[in-house]
>>> print(open('final_35.pdb').read())   # PDB, C-alpha atoms
ATOM      1  CA  MET F 263     104.855  91.084 100.393
ATOM      2  CA  LYS F 264     102.590  93.395 102.357
ATOM      3  CA  ARG F 265     104.144  96.527 103.840
ATOM      4  CA  VAL F 266     103.327  97.518 107.423
ATOM      5  CA  LEU F 267     104.141 100.856 109.065
ATOM      6  CA  VAL F 268     104.617 100.734 112.849
ATOM      7  CA  VAL F 269     104.549 104.128 114.592
ATOM      8  CA  ASP F 270     105.351 103.894 118.319
ATOM      9  CA  ASP F 271     107.836 105.671 120.574
ATOM     10  CA  GLU F 272     108.386 102.651 122.836
ATOM     11  CA  LEU F 273     111.427 100.852 121.423
ATOM     12  CA  SER F 274     110.512  97.563 123.107
ATOM     13  CA  ILE F 275     107.114  97.529 121.372
ATOM     14  CA  VAL F 276     108.624  98.477 118.022
ATOM     15  CA  LYS F 277     111.119  95.604 118.298
ATOM     16  CA  LEU F 278     108.436  93.139 119.444
ATOM     17  CA  LEU F 279     106.053  94.034 116.626
ATOM     18  CA  SER F 280     108.785  94.172 113.986
ATOM     19  CA  PHE F 281     110.109  90.735 114.921
ATOM     20  CA  ASN F 282     106.707  89.061 114.875
ATOM     21  CA  LEU F 283     105.467  90.831 111.743
ATOM     22  CA  GLU F 284     108.624  89.979 109.802
ATOM     23  CA  LYS F 285     108.355  86.373 110.981
ATOM     24  CA  GLU F 286     104.868  86.336 109.408
ATOM     25  CA  GLY F 287     106.256  87.619 106.110
ATOM     26  CA  TYR F 288     105.452  91.330 106.341
ATOM     27  CA  ALA F 289     107.915  94.062 105.332
ATOM     28  CA  VAL F 290     108.109  96.477 108.276
ATOM     29  CA  THR F 291     108.935 100.187 108.351
ATOM     30  CA  THR F 292     109.091 101.928 111.730
ATOM     31  CA  ALA F 293     108.904 105.465 113.098
ATOM     32  CA  GLU F 294     109.179 106.676 116.703
ATOM     33  CA  ASP F 295     107.972 110.227 116.072
ATOM     34  CA  GLY F 296     104.462 111.308 115.137
ATOM     35  CA  LYS F 297     105.388 113.713 112.353
ATOM     36  CA  GLU F 298     107.807 111.220 110.826
ATOM     37  CA  GLY F 299     105.126 108.531 110.923
ATOM     38  CA  TYR F 300     102.574 110.851 109.336
ATOM     39  CA  GLU F 301     104.923 111.800 106.488
ATOM     40  CA  LEU F 302     105.732 108.149 105.807
ATOM     41  CA  ALA F 303     102.056 107.155 105.806
ATOM     42  CA  LEU F 304     101.128 110.081 103.563
ATOM     43  CA  ASN F 305     103.910 109.732 101.006
ATOM     44  CA  GLU F 306     104.598 106.006 100.807
ATOM     45  CA  LYS F 307     102.358 103.056 100.007
ATOM     46  CA  PHE F 308     101.607 100.765 102.940
ATOM     47  CA  ASP F 309      99.111  97.941 103.282
ATOM     48  CA  PHE F 310      98.612  98.443 107.017
ATOM     49  CA  ILE F 311      99.433 100.989 109.743
ATOM     50  CA  ILE F 312      99.901 100.214 113.442
ATOM     51  CA  LEU F 313      99.664 103.546 115.218
ATOM     52  CA  ASP F 314     100.258 104.444 118.863
ATOM     53  CA  VAL F 315      98.044 107.174 120.313
ATOM     54  CA  MET F 316     100.634 108.840 122.562
ATOM     55  CA  LEU F 317     103.475 110.060 120.345
ATOM     56  CA  PRO F 318     105.910 112.980 120.392
ATOM     57  CA  SER F 319     105.292 115.916 117.998
ATOM     58  CA  MET F 320     101.920 114.628 116.719
ATOM     59  CA  ASP F 321      99.612 112.162 118.469
ATOM     60  CA  GLY F 322      98.093 109.137 116.801
ATOM     61  CA  LEU F 323      94.550 110.481 116.768
ATOM     62  CA  GLU F 324      95.682 113.572 114.863
ATOM     63  CA  ILE F 325      97.681 111.421 112.438
ATOM     64  CA  ALA F 326      94.693 109.165 111.724
ATOM     65  CA  LYS F 327      92.383 112.143 111.258
ATOM     66  CA  LYS F 328      94.758 113.901 108.849
ATOM     67  CA  LEU F 329      95.356 110.733 106.839
ATOM     68  CA  ARG F 330      91.638 110.201 106.364
ATOM     69  CA  GLN F 331      91.235 113.857 105.376
ATOM     70  CA  GLU F 332      93.932 113.281 102.750
ATOM     71  CA  LYS F 333      91.947 110.259 101.463
ATOM     72  CA  VAL F 334      94.545 107.746 102.665
ATOM     73  CA  ASP F 335      92.389 104.652 103.252
ATOM     74  CA  THR F 336      95.125 102.305 104.504
ATOM     75  CA  PRO F 337      93.735 100.198 107.389
ATOM     76  CA  ILE F 338      94.783 101.556 110.795
ATOM     77  CA  LEU F 339      95.075  99.632 114.066
ATOM     78  CA  MET F 340      95.512 102.034 116.967
ATOM     79  CA  LEU F 341      97.449 101.212 120.152
ATOM     80  CA  THR F 342      97.001 102.927 123.477
ATOM     81  CA  ALA F 343      97.972 102.591 127.118
ATOM     82  CA  LYS F 344      94.561 104.000 128.053
ATOM     83  CA  ASP F 345      91.661 101.646 128.623
ATOM     84  CA  ASP F 346      89.111 104.388 128.104
ATOM     85  CA  ALA F 347      85.914 103.901 126.097
ATOM     86  CA  ILE F 348      85.936 107.559 125.025
ATOM     87  CA  ASP F 349      89.401 107.188 123.491
ATOM     88  CA  ARG F 350      88.345 104.031 121.664
ATOM     89  CA  ILE F 351      85.219 105.686 120.316
ATOM     90  CA  LEU F 352      87.140 108.786 119.236
ATOM     91  CA  GLY F 353      89.714 106.702 117.382
ATOM     92  CA  LEU F 354      87.012 104.810 115.515
ATOM     93  CA  GLU F 355      85.047 107.979 114.784
ATOM     94  CA  ILE F 356      87.966 109.549 112.934
ATOM     95  CA  GLY F 357      88.543 106.507 110.758
ATOM     96  CA  ALA F 358      90.646 103.906 112.585
ATOM     97  CA  ASP F 359      89.641 100.332 111.781
ATOM     98  CA  ASP F 360      90.377  98.807 115.164
ATOM     99  CA  TYR F 361      91.722  99.645 118.604
ATOM    100  CA  LEU F 362      93.982  97.637 120.945
ATOM    101  CA  THR F 363      94.902  98.476 124.543
ATOM    102  CA  LYS F 364      98.405  97.855 125.899
ATOM    103  CA  PRO F 365      99.683  95.451 127.060
ATOM    104  CA  PHE F 366      98.838  93.079 124.212
ATOM    105  CA  SER F 367     100.230  89.908 122.706
ATOM    106  CA  PRO F 368     101.738  89.859 119.198
ATOM    107  CA  ARG F 369      99.318  87.062 118.331
ATOM    108  CA  GLU F 370      96.379  89.357 119.072
ATOM    109  CA  VAL F 371      97.830  92.078 116.832
ATOM    110  CA  LEU F 372      98.257  89.581 114.003
ATOM    111  CA  ALA F 373      94.723  88.252 114.495
ATOM    112  CA  ARG F 374      93.257  91.764 114.396
ATOM    113  CA  MET F 375      95.248  92.557 111.252
ATOM    114  CA  LYS F 376      94.027  89.434 109.477
ATOM    115  CA  ALA F 377      90.421  90.203 110.441
ATOM    116  CA  ILE F 378      90.744  93.737 109.057
ATOM    117  CA  PHE F 379      92.361  92.498 105.841
ATOM    118  CA  ARG F 380      89.452  90.088 105.352
ATOM    119  CA  ARG F 381      87.024  92.988 105.627
ATOM    120  CA  VAL F 382      88.761  95.549 103.446
ATOM    121  CA  GLU F 383      90.599  93.595 100.771
ATOM    122  CA  PRO F 384      88.812  92.885  97.479
ATOM    123  CA  ARG F 385      88.091  89.194  97.185
ATOM    124  CA  GLN F 386      90.595  87.620  94.815
ATOM    125  CA  GLU F 387      88.027  85.312  93.254
ATOM    126  CA  VAL F 388      85.843  88.219  92.078
ATOM    127  CA  ILE F 389      86.313  88.711  88.352
ATOM    128  CA  GLU F 390      83.379  90.844  87.340
ATOM    129  CA  HIS F 391      82.152  93.840  89.283
ATOM    130  CA  GLU F 392      79.426  93.152  91.800
ATOM    131  CA  PHE F 393      76.918  95.887  92.524
ATOM    132  CA  LEU F 394      74.198  96.592  95.031
ATOM    133  CA  THR F 395      71.531  99.134  94.140
ATOM    134  CA  ALA F 396      68.943 100.694  96.430
ATOM    135  CA  GLY F 397      67.047 103.689  95.133
ATOM    136  CA  GLU F 398      69.639 106.253  94.091
ATOM    137  CA  ILE F 399      72.478 104.501  95.937
ATOM    138  CA  LYS F 400      74.804 102.167  94.045
ATOM    139  CA  ALA F 401      77.647 100.248  95.733
ATOM    140  CA  ASP F 402      80.462  98.659  93.723
ATOM    141  CA  LEU F 403      81.500  95.737  95.945
ATOM    142  CA  SER F 404      84.611  94.947  93.916
ATOM    143  CA  ASN F 405      86.114  98.440  93.981
ATOM    144  CA  TYR F 406      84.636  99.623  97.286
ATOM    145  CA  GLN F 407      83.004 102.646  95.668
ATOM    146  CA  VAL F 408      79.593 104.201  96.240
ATOM    147  CA  THR F 409      77.620 106.644  94.132
ATOM    148  CA  VAL F 410      74.581 108.544  95.355
ATOM    149  CA  ARG F 411      72.353 110.322  92.841
ATOM    150  CA  GLY F 412      75.072 109.753  90.258
ATOM    151  CA  GLU F 413      77.836 111.357  92.334
ATOM    152  CA  LYS F 414      80.723 109.366  93.821
ATOM    153  CA  ILE F 415      80.986 109.758  97.597
ATOM    154  CA  GLU F 416      83.947 109.066  99.878
ATOM    155  CA  LEU F 417      83.363 106.527 102.648
ATOM    156  CA  THR F 418      85.752 105.133 105.226
ATOM    157  CA  PRO F 419      86.175 101.329 105.104
ATOM    158  CA  LYS F 420      83.911 100.958 108.130
ATOM    159  CA  GLU F 421      81.229 103.254 106.664
ATOM    160  CA  PHE F 422      81.303 101.261 103.421
ATOM    161  CA  GLU F 423      80.945  97.972 105.285
ATOM    162  CA  LEU F 424      78.080  99.319 107.372
ATOM    163  CA  LEU F 425      76.220 100.688 104.333
ATOM    164  CA  VAL F 426      76.565  97.401 102.430
ATOM    165  CA  TYR F 427      75.339  95.478 105.476
ATOM    166  CA  PHE F 428      72.234  97.675 105.583
ATOM    167  CA  MET F 429      71.664  97.509 101.810
ATOM    168  CA  LYS F 430      71.715  93.702 101.894
ATOM    169  CA  ARG F 431      69.052  93.734 104.613
ATOM    170  CA  LYS F 432      66.530  96.262 103.322
ATOM    171  CA  GLU F 433      63.366  96.725 105.354
ATOM    172  CA  ARG F 434      64.755  94.754 108.305
ATOM    173  CA  VAL F 435      65.124  96.328 111.763
ATOM    174  CA  ILE F 436      68.669  95.721 113.011
ATOM    175  CA  ASP F 437      69.566  96.386 116.627
ATOM    176  CA  ARG F 438      72.797  98.090 117.681
ATOM    177  CA  ASP F 439      74.275  95.010 119.365
ATOM    178  CA  THR F 440      73.921  93.043 116.141
ATOM    179  CA  LEU F 441      75.657  95.808 114.196
ATOM    180  CA  LEU F 442      78.481  95.938 116.750
ATOM    181  CA  ASP F 443      78.959  92.189 116.471
ATOM    182  CA  ARG F 444      78.699  91.932 112.682
ATOM    183  CA  ILE F 445      80.626  95.057 111.682
ATOM    184  CA  TRP F 446      83.167  95.453 114.477
ATOM    185  CA  GLN F 447      83.334  91.694 115.187
ATOM    186  CA  TYR F 448      84.340  91.859 118.820
ATOM    187  CA  ASP F 449      82.875  92.955 122.113
ATOM    188  CA  PHE F 450      81.945  96.619 122.327
ATOM    189  CA  SER F 451      79.179  95.830 124.790
ATOM    190  CA  GLY F 452      77.399  98.947 125.976
ATOM    191  CA  GLN F 453      79.104 101.203 123.448
ATOM    192  CA  SER F 454      76.257 101.740 121.005
ATOM    193  CA  ARG F 455      77.475 105.304 120.411
ATOM    194  CA  ILE F 456      79.954 103.854 117.911
ATOM    195  CA  VAL F 457      77.047 102.678 115.754
ATOM    196  CA  ASP F 458      75.133 105.942 116.193
ATOM    197  CA  VAL F 459      78.158 108.011 115.136
ATOM    198  CA  HIS F 460      78.765 105.939 112.013
ATOM    199  CA  VAL F 461      75.075 106.034 111.065
ATOM    200  CA  SER F 462      75.142 109.810 111.510
ATOM    201  CA  HIS F 463      78.188 110.066 109.223
ATOM    202  CA  LEU F 464      76.480 107.864 106.623
ATOM    203  CA  ARG F 465      73.382 110.029 106.681
ATOM    204  CA  GLU F 466      75.506 113.111 106.023
ATOM    205  CA  LYS F 467      76.808 111.438 102.882
ATOM    206  CA  ILE F 468      73.783 109.635 101.444
ATOM    207  CA  GLU F 469      70.729 111.605 102.525
ATOM    208  CA  VAL F 470      69.363 114.746 100.899
ATOM    209  CA  ASP F 471      68.394 115.983 104.368
ATOM    210  CA  PRO F 472      70.295 114.075 107.098
ATOM    211  CA  LYS F 473      67.974 115.448 109.781
ATOM    212  CA  HIS F 474      65.019 113.862 107.994
ATOM    213  CA  PRO F 475      66.549 110.672 106.546
ATOM    214  CA  GLN F 476      64.741 108.694 103.872
ATOM    215  CA  TYR F 477      67.101 105.693 103.716
ATOM    216  CA  LEU F 478      68.513 105.114 107.202
ATOM    217  CA  GLN F 479      65.550 105.172 109.535
ATOM    218  CA  THR F 480      65.810 105.113 113.328
ATOM    219  CA  VAL F 481      63.456 102.630 114.974
ATOM    220  CA  ARG F 482      63.263 103.977 118.506
ATOM    221  CA  GLY F 483      64.001 101.441 121.194
ATOM    222  CA  PHE F 484      65.295  98.902 118.674
ATOM    223  CA  GLY F 485      67.925 100.176 116.244
ATOM    224  CA  TYR F 486      67.889 101.075 112.552
ATOM    225  CA  LYS F 487      66.166 100.082 109.331
ATOM    226  CA  PHE F 488      67.352 100.713 105.778
ATOM    227  CA  GLN F 489      64.537 101.335 103.331
ATOM    228  CA  VAL F 490      64.231 102.589  99.797
ATOM    229  CA  PRO F 491      62.091 105.740  99.611
ATOM    230  CA  ALA F 492      59.150 105.799  97.255
ATOM    231  CA  GLN F 493      59.930 107.505  93.979
TER     232      GLN F 493
END
>>> encode(input="final_35.pdb", output="structure tokens")
Amino acid sequence: MKRVLVVDDELSIVKLLSFNLEKEGYAVTTAEDGKEGYELALNEKFDFIILDVMLPSMDGLEIAKKLRQEKVDTPILMLTAKDDAIDRILGLEIGADDYLTKPFSPREVLARMKAIFRRVEPRQEVIEHEFLTAGEIKADLSNYQVTVRGEKIELTPKEFELLVYFMKRKERVIDRDTLLDRIWQYDFSGQSRIVDVHVSHLREKIEVDPKHPQYLQTVRGFGYKFQVPAQ
């Protein structure tokens, strides 16, 4: 049984989510305070976190940022009463996997969760490790690990997915809208900054000189191209 942590200070939302999640077979733990939610997420094992942005004592953005800094890679779905593109981008930049604006239906929450699980869970049918190699980058698709020049690097789930997508399409120019559709899988129309931010983060982790990238090339006016530098 998968464990889900719900952190929200609105009792009606906590009850609504708890009821529907438990009906779907999830074990639910709840917290109405930011610090309490952070401590639970940091010290206990959960399969999924539903996290409100506006919380007493510690807001959801700070919680998500601190969890990622502590290498907690549990998928996070953020909830907010604000329908603001900047807030959505900020949440995704710091490591959230998805973002949902209130009011929402429980069915939409469950659908988003299932989509995220499909992206981040190892496939059960995989028995042997599967690897992708491009130059000095090696991605272990079974264990969601990446090494660059022999050193293991830490990627968020979204960064890992984006890198693998690029590695599977070497030498192809991919526009931002395609990346938004394939990686984020729902409409972020006009919000290409999300892609640019994640590409920038990837460059910091895989390039020798991120300001002069060898792998992740910008194709001005079009998007990005992943290429293997000449040895």
>>> atom_distance(input="final_35.pdb", atom1="atom CA of Val371 of chain F", atom2="atom CA of Glu423 of chain F")
21.3 Å
>>> resolve_selection(input="final_35.pdb", expression="the PyMOL selection byres ((chain F and resi 278) around 12)", output="PyMOL selection string")
chain F and resi 268+270+272-277+279-285+290+292+365-369+371
>>> atom_distance(input="final_35.pdb", atom1="atom CA of Thr480 of chain F", atom2="atom CA of Asp458 of chain F")
9.8 Å
>>> resolve_selection(input="final_35.pdb", expression="the PyMOL selection byres ((chain F and resi 298) around 12)", output="list in words")
Leu267, Val268, Val269, Asp270, Asp271, Thr291, Thr292, Ala293, Glu294, Asp295, Gly296, Lys297, Gly299, Tyr300, Glu301, Leu302, Ala303, Leu304, Asn305, Glu306, Leu317, Pro318, Ser319, Met320, Asp321, Gly322 and Ile325 of chain F
>>> resolve_selection(input="final_35.pdb", expression="the PyMOL selection byres ((chain F and resi 377) around 12)", output="list in words")
Pro337, Leu339, Asp359, Asp360, Glu370, Val371, Leu372, Ala373, Arg374, Met375, Lys376, Ile378, Phe379, Arg380, Arg381, Val382, Glu383, Ile445, Trp446, Gln447 and Tyr448 of chain F
>>> atom_distance(input="final_35.pdb", atom1="atom CA of Val457 of chain F", atom2="atom CA of Asp443 of chain F")
10.7 Å
>>> closest_residue(input="final_35.pdb", among="F:Asp314, F:Glu413, F:Glu398, F:Glu421", to="Ile356 of chain F", atoms="all atoms listed in the file")
F:Glu421
>>> residues_near_point(input="final_35.pdb", point="(68.1, 109.1, 110.9)", cutoff="10 Å", atoms="all atoms listed in the file", output="PyMOL selection string")
chain F and resi 458+461-462+464-466+469+471-481+486-488
>>> residues_around(input="final_35.pdb", residues="Phe393 of chain F", least_positions_apart="4", cutoff="10 Å", atoms="all atoms listed in the file", output="PyMOL selection string")
chain F and resi 400-408
>>> build_atoms(input="final_35.pdb", residues="segment 327-338 of chain F", atoms="N, CA, C and O atoms", output="PDB file, in the frame of the given file")
ATOM      1  N   LYS F 327      93.346 111.177 111.789  1.00  0.00           N
ATOM      2  CA  LYS F 327      92.383 112.143 111.258  1.00  0.00           C
ATOM      3  C   LYS F 327      92.910 112.808 109.993  1.00  0.00           C
ATOM      4  O   LYS F 327      92.192 112.918 108.982  1.00  0.00           O
ATOM      5  N   LYS F 328      94.180 113.228 110.015  1.00  0.00           N
ATOM      6  CA  LYS F 328      94.758 113.901 108.849  1.00  0.00           C
ATOM      7  C   LYS F 328      94.885 112.943 107.660  1.00  0.00           C
ATOM      8  O   LYS F 328      94.658 113.339 106.508  1.00  0.00           O
ATOM      9  N   LEU F 329      95.242 111.698 107.937  1.00  0.00           N
ATOM     10  CA  LEU F 329      95.356 110.733 106.839  1.00  0.00           C
ATOM     11  C   LEU F 329      94.011 110.511 106.168  1.00  0.00           C
ATOM     12  O   LEU F 329      93.926 110.455 104.941  1.00  0.00           O
ATOM     13  N   ARG F 330      92.961 110.393 106.962  1.00  0.00           N
ATOM     14  CA  ARG F 330      91.638 110.201 106.364  1.00  0.00           C
ATOM     15  C   ARG F 330      91.202 111.442 105.597  1.00  0.00           C
ATOM     16  O   ARG F 330      90.552 111.347 104.553  1.00  0.00           O
ATOM     17  N   GLN F 331      91.555 112.625 106.101  1.00  0.00           N
ATOM     18  CA  GLN F 331      91.235 113.857 105.376  1.00  0.00           C
ATOM     19  C   GLN F 331      91.959 113.919 104.041  1.00  0.00           C
ATOM     20  O   GLN F 331      91.447 114.490 103.073  1.00  0.00           O
ATOM     21  N   GLU F 332      93.144 113.317 103.988  1.00  0.00           N
ATOM     22  CA  GLU F 332      93.932 113.281 102.750  1.00  0.00           C
ATOM     23  C   GLU F 332      93.562 112.091 101.872  1.00  0.00           C
ATOM     24  O   GLU F 332      94.237 111.799 100.900  1.00  0.00           O
ATOM     25  N   LYS F 333      92.476 111.392 102.222  1.00  0.00           N
ATOM     26  CA  LYS F 333      91.947 110.259 101.463  1.00  0.00           C
ATOM     27  C   LYS F 333      92.895 109.064 101.462  1.00  0.00           C
ATOM     28  O   LYS F 333      92.848 108.224 100.542  1.00  0.00           O
ATOM     29  N   VAL F 334      93.731 108.948 102.485  1.00  0.00           N
ATOM     30  CA  VAL F 334      94.545 107.746 102.665  1.00  0.00           C
ATOM     31  C   VAL F 334      93.679 106.717 103.377  1.00  0.00           C
ATOM     32  O   VAL F 334      93.305 106.904 104.537  1.00  0.00           O
ATOM     33  N   ASP F 335      93.326 105.628 102.681  1.00  0.00           N
ATOM     34  CA  ASP F 335      92.389 104.652 103.252  1.00  0.00           C
ATOM     35  C   ASP F 335      93.079 103.390 103.759  1.00  0.00           C
ATOM     36  O   ASP F 335      92.424 102.369 104.003  1.00  0.00           O
ATOM     37  N   THR F 336      94.389 103.447 103.953  1.00  0.00           N
ATOM     38  CA  THR F 336      95.125 102.305 104.504  1.00  0.00           C
ATOM     39  C   THR F 336      94.531 101.907 105.855  1.00  0.00           C
ATOM     40  O   THR F 336      94.286 102.771 106.701  1.00  0.00           O
ATOM     41  N   PRO F 337      94.273 100.619 106.087  1.00  0.00           N
ATOM     42  CA  PRO F 337      93.735 100.198 107.389  1.00  0.00           C
ATOM     43  C   PRO F 337      94.644 100.622 108.542  1.00  0.00           C
ATOM     44  O   PRO F 337      95.861 100.531 108.437  1.00  0.00           O
ATOM     45  N   ILE F 338      94.035 101.081 109.625  1.00  0.00           N
ATOM     46  CA  ILE F 338      94.783 101.556 110.795  1.00  0.00           C
ATOM     47  C   ILE F 338      94.334 100.799 112.042  1.00  0.00           C
ATOM     48  O   ILE F 338      93.143 100.754 112.355  1.00  0.00           O
TER      49      ILE F 338
END
